[in-house]
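Report on the structure given below.
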Amino acid sequence: MALLSMSGITKSFAGVPALRSVDFELRSGEIHALLGANGAGKSTLMKVLSGAYSPDAGVIRIDDQAVQIRSPYDAKKHGIQCIYQEVDTALAAGLSVAENIMMDKISAGGAGLLNWNKLRGEAERALAQVGADIPVRKPVEGLTLAEKQLVLLARLLTEEARIVIFDEPTAPLSLEEAERLFRVMQRLKSSGIGSVFITHRLPEVFRMSDRITVMRDGERVLTEAKDNTNADGIIQAMLGKTFAAEFPKTEAAIGEILLEAEGLTLGHKVRDVSFTARSGEIVAVVGLVGAGKTELSRVLFGADRPESGTIRVKGKEAILREPVDAVQNGIVLVPEERRKQGILVQESVQRNISLPLLDALSSLGIVSLRKEKRLAEDVIQRLGIKTSSPGLAAAYLSGGNQQKVSIGKWLETGANVFLFDEPTKGVDIGAKSDIFSIIGELASRGKSIVYFTCEFAEAIGIADRLLVMYDGRLVKELSRAEATQELILLYASGGEDRKHEI
Amino acid sequence: MKSNILEWAYKYGALFVIGFVIVFFSLWDEHFFTYDNLSDILRSISIVTFVAIGITFSLAVDGFDLSVGSTVSLTTVLAATLMVWHEQPLIVVIAVPLLAGALIGMLNALLIVKIRIPDLLATLAVMYIISGIHRTYTKGYSIYNNMQMSDGTNAPGVFQESFLWLGQGQLFGIPVPVVLMVLAVILVHLFFTFTKWGRQMYITGGNEEAARLSGIRVRRIRLAAYMASGVFAAIGGLLFAARTGTGQIDAGAPLLMESVAAVFVGYSVFGAGKPNVIGTFFGAVLIGVLLNGLTMMRVPYYTNDIIKGSVLVLALAVTFIHLHRRRA
């Protein structure tokens, strides 16, 4: 008998279907891996289960009883618990481990008096069950991320969880920490709890799970027992039929090395990264969400300082303390978070474009509005930015046009190295192809492009060379000719491919 | 329709209130709307305006500076003691307080930008430190011409005429501090509107991370804003000393509230929605007119803080209601 069965779950956001009649089943004592590319609908499905979204259609049954889950509170009542990546949102930093574990009991109250010894005892027992050795009086803020995860696990044990959703729990963990988490998952399994395990790492999937469900474009495409499938089969299911990527790849003459990174390291997210990028070359750094691409792009731009490693521009070491140092060395970044980091939404298009060039546009500190306007009009025309006037606030532009503004501000800075972090995220197909031709044109003018993306098809379409990132490391270099989506996904999930190895 | 009225009220509400208050007081007392009284009001708000311009700078970079009041107190007694105790020439009397203001700004910036203490807390602490320093420096006494020193002798110096002219003199029949205030408002307005530094300040205040990722030296910009805040407060202190001809202890303490209120009234003037110096000026006018008129109505002076506090609350309410409505 299924512990949980979801059937026909359908959900749309503003008319865009996110889940199309999805079925999902979980047995008692089962670890069920839920896989899919970014945007496949895994998170949406789990948010329906945990009460964050209500489905447009579909039925959820627990123990064969149809249940209504309208809020996270309902979900908890039915024994559904979630371990999110962002553990801090679920914990009260200043309170002790015991208080955090027993939070529900404490807030439930009763007579208003708490038996602290009893609460601490219960907290200790819960911690012992997850195999954690953490003093219960210690404040949570002093714990490591992995320890916080264990505290959350201990808490859900005290709350009689029956279904636990693990949403990429291992992404921020070290190997040993992940091992410890796996032991806890095994323990939960043997006590009859059903777990949904969302992860991008295939080795973990094959090691931990009993069954595997793959989603793609809001649909369930595969549910199999682990032993009946293999990495290739799963990757095929995640990608669907391979479609020929149609992107305008402009050929550019590839010249000298402009950017050189050596041994860059920053925490767990960027580990010993070395690569080069040449003039006229488009290098794609591909990897799944959380692989460390954004972190690497920020290090290369001086927005975060690496713990170790060197960055060289045209063979000369560049010390990047602040982004402004990178700009002066000819390195610029078009960041992923366009509206928060790429542009200033409340400022006009003109002021956004002129921002890095204020020095050149002003004499004695006074900005020449005439020159500024001319610059803005020039960039607007060259990039085909659709705006009613240069004075319009950037907030009123579409996503694609905002992205063009975010790119456009760097065009006249004389930069040689352009870093793009997910530049096509959330832009429509027309703007996407515009952005590709802008990038192609920059390359043909001898600029060096480093393109960070989790969209493999786009990377293959545009790049001369692909570097696959997994867990903070560049694990594989592929030429445009040898790269396939299957191969990239394999390396990006921590797999190794013997038959392609030379 | 309704939202149009609200929008109009937001943009012109403060100006409307100023006009209403002026008409009201003019009808109440015939002495109110006279050249003498109006120039008196302007003279009294000139100091507040300088301090409020300082706060405008710190707010423009999305910071805050609570220490401006004690900076006024310190620079007032500094100017006074330089003349009365040390008989220094005018240039020193003016330069040293300005330098002190800049140093206080640097200290604030060090705490906020480098050590990353939240601005309100950092400048609260600095406010007390500066206030303590100015009291320790004068041993708790106010400074006046040939004052008696603790050893029984009399101080050698007096306030110089040329210094007093800054606070009491007239230029083409207009009080000098009013001329200085109008000049400062115009220059700072031009600074924020036309120079790259002014623009970088607003942009840093609007979204520091985006500004930084656009290659702006945000730390340097914030440092500059806090230094400007200190310097403008110091100018306020100099004018205070020049106007009263003494070095009053704790002279600046009441100015903090008035200046903050002026800046927030100014947020809404002409619908700017951000700290701006023209609005700040009108905010100072509103408070000056209110205090002057109420004094004429014989409302006791000790109720002043109630008035100032209420104006601040009203201005904040208008600003934040508008902000959240726009966001919604």
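By convention here, the chains of the structure tokens are called A, B, ... in the order presented, each chain's residues are numbered starting at 1, and ligands are numbered starting at 1 in the order presented.
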Query raised in the report: What lies within 10 Å of B:Tyr202 using only C-alpha atoms, ignoring chain neighbours under 4 positions off, as a list in words?
Result: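 The residues that qualify are Glu347 of chain A; Phe57, Leu59, Ala60, Val61, Asp62, Phe192, Thr193, Trp197, Gly198, Gly206, Asn207, Glu208, Ala211, Ile221, Lys274, Pro275 and Asn276 of chain B.
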Closest atom pairs, chain A residues within 8 Å of chain B, only C-alpha atoms, as JSON lines:
```
{"residue": "A:Ala303", "atom": "CA", "partner": "B:Leu213", "partner_atom": "CA", "distance": 7.1}
{"residue": "A:Glu322", "atom": "CA", "partner": "B:Arg217", "partner_atom": "CA", "distance": 7.8}
{"residue": "A:Pro323", "atom": "CA", "partner": "B:Gly215", "partner_atom": "CA", "distance": 5.4}
{"residue": "A:Val324", "atom": "CA", "partner": "B:Gly215", "partner_atom": "CA", "distance": 4.1}
{"residue": "A:Asp325", "atom": "CA", "partner": "B:Gly215", "partner_atom": "CA", "distance": 7.8}
{"residue": "A:Val327", "atom": "CA", "partner": "B:Gly215", "partner_atom": "CA", "distance": 6.3}
{"residue": "A:Leu333", "atom": "CA", "partner": "B:Leu213", "partner_atom": "CA", "distance": 7.7}
{"residue": "A:Lys340", "atom": "CA", "partner": "B:Ala210", "partner_atom": "CA", "distance": 6.4}
{"residue": "A:Gln341", "atom": "CA", "partner": "B:Ala210", "partner_atom": "CA", "distance": 4.1}
{"residue": "A:Gly342", "atom": "CA", "partner": "B:Ala210", "partner_atom": "CA", "distance": 5.9}
{"residue": "A:Ile343", "atom": "CA", "partner": "B:Ala210", "partner_atom": "CA", "distance": 6.3}
{"residue": "A:Leu344", "atom": "CA", "partner": "B:Ala210", "partner_atom": "CA", "distance": 6.5}
{"residue": "A:Gln346", "atom": "CA", "partner": "B:Gly206", "partner_atom": "CA", "distance": 7.9}
{"residue": "A:Leu355", "atom": "CA", "partner": "B:Ser214", "partner_atom": "CA", "distance": 6.8}
{"residue": "A:Pro356", "atom": "CA", "partner": "B:Ser214", "partner_atom": "CA", "distance": 5.8}
{"residue": "A:Leu358", "atom": "CA", "partner": "B:Lys196", "partner_atom": "CA", "distance": 6.1}
{"residue": "A:Asp359", "atom": "CA", "partner": "B:Lys196", "partner_atom": "CA", "distance": 7.4}
{"residue": "A:Ser362", "atom": "CA", "partner": "B:Lys196", "partner_atom": "CA", "distance": 7.1}
{"residue": "A:Gly365", "atom": "CA", "partner": "B:Thr195", "partner_atom": "CA", "distance": 5.2}
{"residue": "A:Ile366", "atom": "CA", "partner": "B:Thr195", "partner_atom": "CA", "distance": 4.2}
{"residue": "A:Val367", "atom": "CA", "partner": "B:Thr195", "partner_atom": "CA", "distance": 5.4}
```
Query raised in the report: Which polymer residues have any atom within 8 Å of an atom of stretch 158-169 of chain B, counting only C-alpha atoms, with same-chain residues fewer than 2 positions away left out, as a PyMOL selection string?
Result: chain B and resi 80+83-84+87+90+144-146+156+171+175-177+239-246
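Minimum atom-to-atom distances from A:Val16, A:Asp471, A:Leu188, A:Asp88 to A:Glu147 were compared using only C-alpha atoms, and the lowest value belongs to A:Asp88.
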Report task. Give me every alpha helix (DSSP H) residue in stretch 22-226 of chain B, going by DSSP on the backbone, as a PyMOL selection string. Result -> chain B and resi 22-28+35-60+68-84+90-109+119-137+161-168+176-194+196-206+208-213+218-226
Any idea what's packed within 9 Å of A:Gln85, counting only C-alpha atoms, ignoring anything in its chain fewer than 2 positions away? Could you give it as a PDB file with C-alpha atoms, in the first residue's frame?
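Ended up saving to result.pdb:
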```pdb
ATOM      1  CA  ILE A  83      14.431  19.723   4.577  1.00  0.00           C
ATOM      2  CA  VAL A  87      18.334  25.637   6.578  1.00  0.00           C
ATOM      3  CA  ASP A  88      18.629  29.037   8.193  1.00  0.00           C
ATOM      4  CA  GLN A 149      20.521  20.168   8.877  1.00  0.00           C
ATOM      5  CA  PHE A 166      14.914  16.353   0.939  1.00  0.00           C
ATOM      6  CA  ASP A 167      15.403  19.240  -1.487  1.00  0.00           C
ATOM      7  CA  GLU A 168      19.013  19.027  -2.686  1.00  0.00           C
ATOM      8  CA  PRO A 169      20.260  18.447   0.826  1.00  0.00           C
ATOM      9  CA  THR A 170      23.788  17.504  -0.183  1.00  0.00           C
ATOM     10  CA  ALA A 171      24.495  20.523  -2.385  1.00  0.00           C
ATOM     11  CA  PRO A 172      26.182  22.548   0.354  1.00  0.00           C
TER      12      PRO A 172
END
```
Query raised in the report: What does the distance between atom CA of A:Leu264 and atom CA of A:Ser308 come to in Å, to one decimal place?
Result: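 That distance, rounded to one decimal, is 5.7 Å.
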Requested in this report: Determine which residues of stretch 191-349 of chain A DSSP labels as strand (DSSP E) from the backbone of this structure, then write them out as an MDAnalysis selection string.
Outcome: chainID A and resid 194:198 211:216 219:225 257:266 270:278 282:286 308:313 316:317 331:334
Same residues, N, CA and C atoms, output as a compact mmCIF listing (two decimals), in the first residue's frame:
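Final output, part-v8.txt:
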```txt
# COMPACT_ATOMS: atom_id res chain seq x y z
N GLY A 194 8.87 7.52 4.60
CA GLY A 194 9.10 7.63 3.16
C GLY A 194 9.81 8.93 2.85
N SER A 195 10.86 8.86 2.01
CA SER A 195 11.62 10.08 1.70
C SER A 195 11.58 10.38 0.21
N VAL A 196 11.38 11.66 -0.11
CA VAL A 196 11.54 12.11 -1.49
C VAL A 196 12.90 12.79 -1.55
N PHE A 197 13.73 12.37 -2.48
CA PHE A 197 15.12 12.81 -2.52
C PHE A 197 15.36 13.57 -3.83
N ILE A 198 15.45 14.89 -3.73
CA ILE A 198 15.73 15.69 -4.91
C ILE A 198 17.22 15.99 -4.93
N ARG A 211 13.56 3.89 -5.81
CA ARG A 211 12.93 4.15 -7.10
C ARG A 211 13.34 5.53 -7.59
N ILE A 212 13.18 5.72 -8.89
CA ILE A 212 13.57 6.99 -9.49
C ILE A 212 12.42 7.49 -10.36
N THR A 213 12.05 8.76 -10.15
CA THR A 213 11.07 9.38 -11.04
C THR A 213 11.75 10.56 -11.72
N VAL A 214 11.58 10.66 -13.03
CA VAL A 214 12.17 11.77 -13.78
C VAL A 214 11.05 12.64 -14.31
N MET A 215 11.20 13.95 -14.16
CA MET A 215 10.24 14.90 -14.71
C MET A 215 10.88 15.73 -15.80
N ARG A 216 10.05 16.15 -16.73
CA ARG A 216 10.54 17.03 -17.79
C ARG A 216 9.40 17.92 -18.24
N GLU A 219 6.00 17.37 -16.75
CA GLU A 219 5.36 16.06 -16.83
C GLU A 219 6.25 15.00 -16.21
N ARG A 220 5.60 13.92 -15.76
CA ARG A 220 6.40 12.79 -15.30
C ARG A 220 6.72 11.94 -16.53
N VAL A 221 8.00 11.68 -16.76
CA VAL A 221 8.34 10.92 -17.97
C VAL A 221 8.83 9.52 -17.64
N LEU A 222 9.19 9.27 -16.38
CA LEU A 222 9.73 7.95 -16.07
C LEU A 222 9.61 7.69 -14.58
N THR A 223 9.16 6.47 -14.22
CA THR A 223 9.30 6.02 -12.85
C THR A 223 9.78 4.58 -12.91
N GLU A 224 10.91 4.32 -12.34
CA GLU A 224 11.51 2.99 -12.45
C GLU A 224 12.16 2.61 -11.13
N ALA A 225 12.21 1.33 -10.87
CA ALA A 225 13.04 0.86 -9.77
C ALA A 225 14.49 1.11 -10.16
N ILE A 257 45.79 34.67 -25.70
CA ILE A 257 45.09 34.45 -24.43
C ILE A 257 44.85 35.80 -23.75
N LEU A 258 43.58 36.10 -23.42
CA LEU A 258 43.28 37.36 -22.75
C LEU A 258 43.10 37.14 -21.25
N LEU A 259 42.40 36.08 -20.89
CA LEU A 259 42.11 35.84 -19.47
C LEU A 259 42.68 34.49 -19.06
N GLU A 260 43.30 34.49 -17.90
CA GLU A 260 43.90 33.27 -17.41
C GLU A 260 43.58 33.15 -15.92
N ALA A 261 42.93 32.07 -15.55
CA ALA A 261 42.64 31.84 -14.14
C ALA A 261 43.47 30.64 -13.69
N GLU A 262 44.04 30.75 -12.49
CA GLU A 262 44.87 29.65 -12.04
C GLU A 262 44.60 29.35 -10.57
N GLY A 263 44.09 28.16 -10.32
CA GLY A 263 43.92 27.69 -8.95
C GLY A 263 42.96 28.51 -8.11
N LEU A 264 41.95 29.11 -8.72
CA LEU A 264 41.01 29.93 -7.95
C LEU A 264 40.21 29.05 -6.99
N THR A 265 40.16 29.46 -5.74
CA THR A 265 39.43 28.71 -4.73
C THR A 265 38.68 29.67 -3.83
N LEU A 266 37.39 29.37 -3.60
CA LEU A 266 36.61 30.14 -2.63
C LEU A 266 35.61 29.20 -1.97
N VAL A 270 33.94 27.25 -5.24
CA VAL A 270 34.94 27.38 -6.30
C VAL A 270 36.19 26.66 -5.81
N ARG A 271 36.54 25.56 -6.47
CA ARG A 271 37.67 24.78 -5.99
C ARG A 271 38.71 24.63 -7.10
N ASP A 272 39.86 25.22 -6.88
CA ASP A 272 41.02 25.02 -7.72
C ASP A 272 40.66 25.13 -9.21
N VAL A 273 40.07 26.24 -9.56
CA VAL A 273 39.62 26.42 -10.95
C VAL A 273 40.71 27.08 -11.77
N SER A 274 41.10 26.44 -12.85
CA SER A 274 42.07 27.01 -13.78
C SER A 274 41.53 26.89 -15.20
N PHE A 275 41.63 27.96 -15.94
CA PHE A 275 41.28 27.89 -17.37
C PHE A 275 41.79 29.15 -18.06
N THR A 276 41.72 29.13 -19.38
CA THR A 276 42.10 30.32 -20.14
C THR A 276 40.99 30.65 -21.12
N ALA A 277 40.97 31.90 -21.55
CA ALA A 277 40.03 32.31 -22.59
C ALA A 277 40.78 33.21 -23.55
N ARG A 278 40.63 32.93 -24.84
CA ARG A 278 41.38 33.67 -25.85
C ARG A 278 40.53 34.74 -26.51
N ILE A 282 34.59 32.01 -27.45
CA ILE A 282 33.49 31.94 -26.49
C ILE A 282 33.65 30.65 -25.70
N VAL A 283 33.94 30.80 -24.42
CA VAL A 283 34.11 29.65 -23.55
C VAL A 283 32.87 29.54 -22.68
N ALA A 284 32.20 28.39 -22.73
CA ALA A 284 31.03 28.22 -21.88
C ALA A 284 31.43 27.42 -20.64
N VAL A 285 31.06 27.94 -19.47
CA VAL A 285 31.20 27.17 -18.24
C VAL A 285 29.81 26.63 -17.94
N VAL A 286 29.63 25.32 -18.11
CA VAL A 286 28.30 24.74 -17.96
C VAL A 286 28.25 23.89 -16.71
N SER A 308 42.47 31.71 -2.63
CA SER A 308 43.76 31.55 -3.27
C SER A 308 43.56 31.53 -4.77
N GLY A 309 44.67 31.62 -5.48
CA GLY A 309 44.60 31.60 -6.94
C GLY A 309 44.94 32.95 -7.54
N THR A 310 45.23 32.93 -8.84
CA THR A 310 45.61 34.15 -9.54
C THR A 310 44.76 34.34 -10.79
N ILE A 311 44.55 35.58 -11.12
CA ILE A 311 43.87 35.94 -12.35
C ILE A 311 44.85 36.78 -13.16
N ARG A 312 45.06 36.41 -14.42
CA ARG A 312 45.95 37.19 -15.27
C ARG A 312 45.17 37.71 -16.47
N VAL A 313 45.44 38.95 -16.82
CA VAL A 313 44.84 39.53 -18.01
C VAL A 313 45.98 39.86 -18.97
N LYS A 316 49.39 39.47 -17.56
CA LYS A 316 49.80 40.23 -16.38
C LYS A 316 48.85 39.97 -15.22
N GLU A 317 49.41 39.75 -14.05
CA GLU A 317 48.54 39.45 -12.92
C GLU A 317 47.66 40.66 -12.59
N ILE A 331 37.83 43.57 -17.53
CA ILE A 331 36.93 42.44 -17.31
C ILE A 331 35.58 42.99 -16.85
N VAL A 332 34.51 42.59 -17.51
CA VAL A 332 33.19 43.05 -17.08
C VAL A 332 32.25 41.86 -16.94
N LEU A 333 31.23 42.04 -16.10
CA LEU A 333 30.29 40.95 -15.80
C LEU A 333 28.86 41.41 -16.07
N VAL A 334 28.11 40.56 -16.74
CA VAL A 334 26.66 40.73 -16.83
C VAL A 334 26.08 39.71 -15.86
```
Requested in this report: Would you please work out which residue, of A:Asp421, A:Glu159, A:Glu455, A:Asp227, is nearest to A:Met102 when using only C-alpha atoms?
Outcome: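 Under the stated criterion, the closest residue is A:Glu159.
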Spatial neighbours of B:Ile287, max dist 8 Å, only C-alpha atoms, sep filter under 2 positions, as a compact mmCIF listing (two decimals) with C-alpha atoms, in the first residue's frame:
```txt
# COMPACT_ATOMS: atom_id res chain seq x y z
CA GLU B 258 14.38 69.48 13.32
CA ALA B 262 13.00 68.72 7.44
CA GLY B 283 10.95 71.07 5.07
CA ALA B 284 13.09 73.46 7.09
CA VAL B 285 10.80 76.34 6.08
CA VAL B 289 7.25 78.84 10.17
CA LEU B 290 5.45 76.54 12.58
CA LEU B 291 7.78 77.26 15.48
CA LYS B 308 8.65 68.84 15.80
CA VAL B 311 5.79 66.94 11.95
```
Determine, counting only C-alpha atoms, which protein, DNA and RNA residues have an atom within 8 Å of an atom of A:Glu281; residues of the same chain fewer than 5 positions away are not included. Present the result as an mmCIF file with C-alpha atoms, in the first residue's frame.
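In the end it all went to out23.cif:
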```cif
data_model
loop_
_atom_site.group_PDB
_atom_site.id
_atom_site.type_symbol
_atom_site.label_atom_id
_atom_site.label_comp_id
_atom_site.auth_asym_id
_atom_site.auth_seq_id
_atom_site.Cartn_x
_atom_site.Cartn_y
_atom_site.Cartn_z
ATOM 1 C CA ALA A 252 35.573 34.588 -35.129
ATOM 2 C CA ALA A 253 39.334 34.452 -35.437
ATOM 3 C CA ILE A 254 40.734 33.078 -32.212
ATOM 4 C CA GLY A 255 43.854 34.886 -31.043
ATOM 5 C CA ALA A 443 33.628 37.723 -30.115
ATOM 6 C CA GLY A 446 38.191 40.106 -30.676
ATOM 7 C CA LYS A 447 36.638 40.098 -27.223
ATOM 8 C CA SER A 448 36.947 37.062 -25.059
ATOM 9 C CA ILE A 449 33.633 35.665 -23.763
ATOM 10 C CA ALA A 463 30.503 28.173 -27.473
ATOM 11 C CA ASP A 464 33.797 27.230 -29.044
#
```
Requested in this report: Would you kindly return, as a VMD selection string, each protein, DNA or RNA residue with an atom no farther than 8 Å from any atom of stretch 265-269 of chain B, considering only C-alpha atoms and excluding same-chain residues fewer than 5 positions away?
Outcome: chain B and resid 10 to 15 274 to 283 311 to 312 315 to 316 318 to 319
Query raised in the report: Separation of atom CA of B:Ala79 and atom CA of B:Ile133, in Å?
Result: 14.6 Å
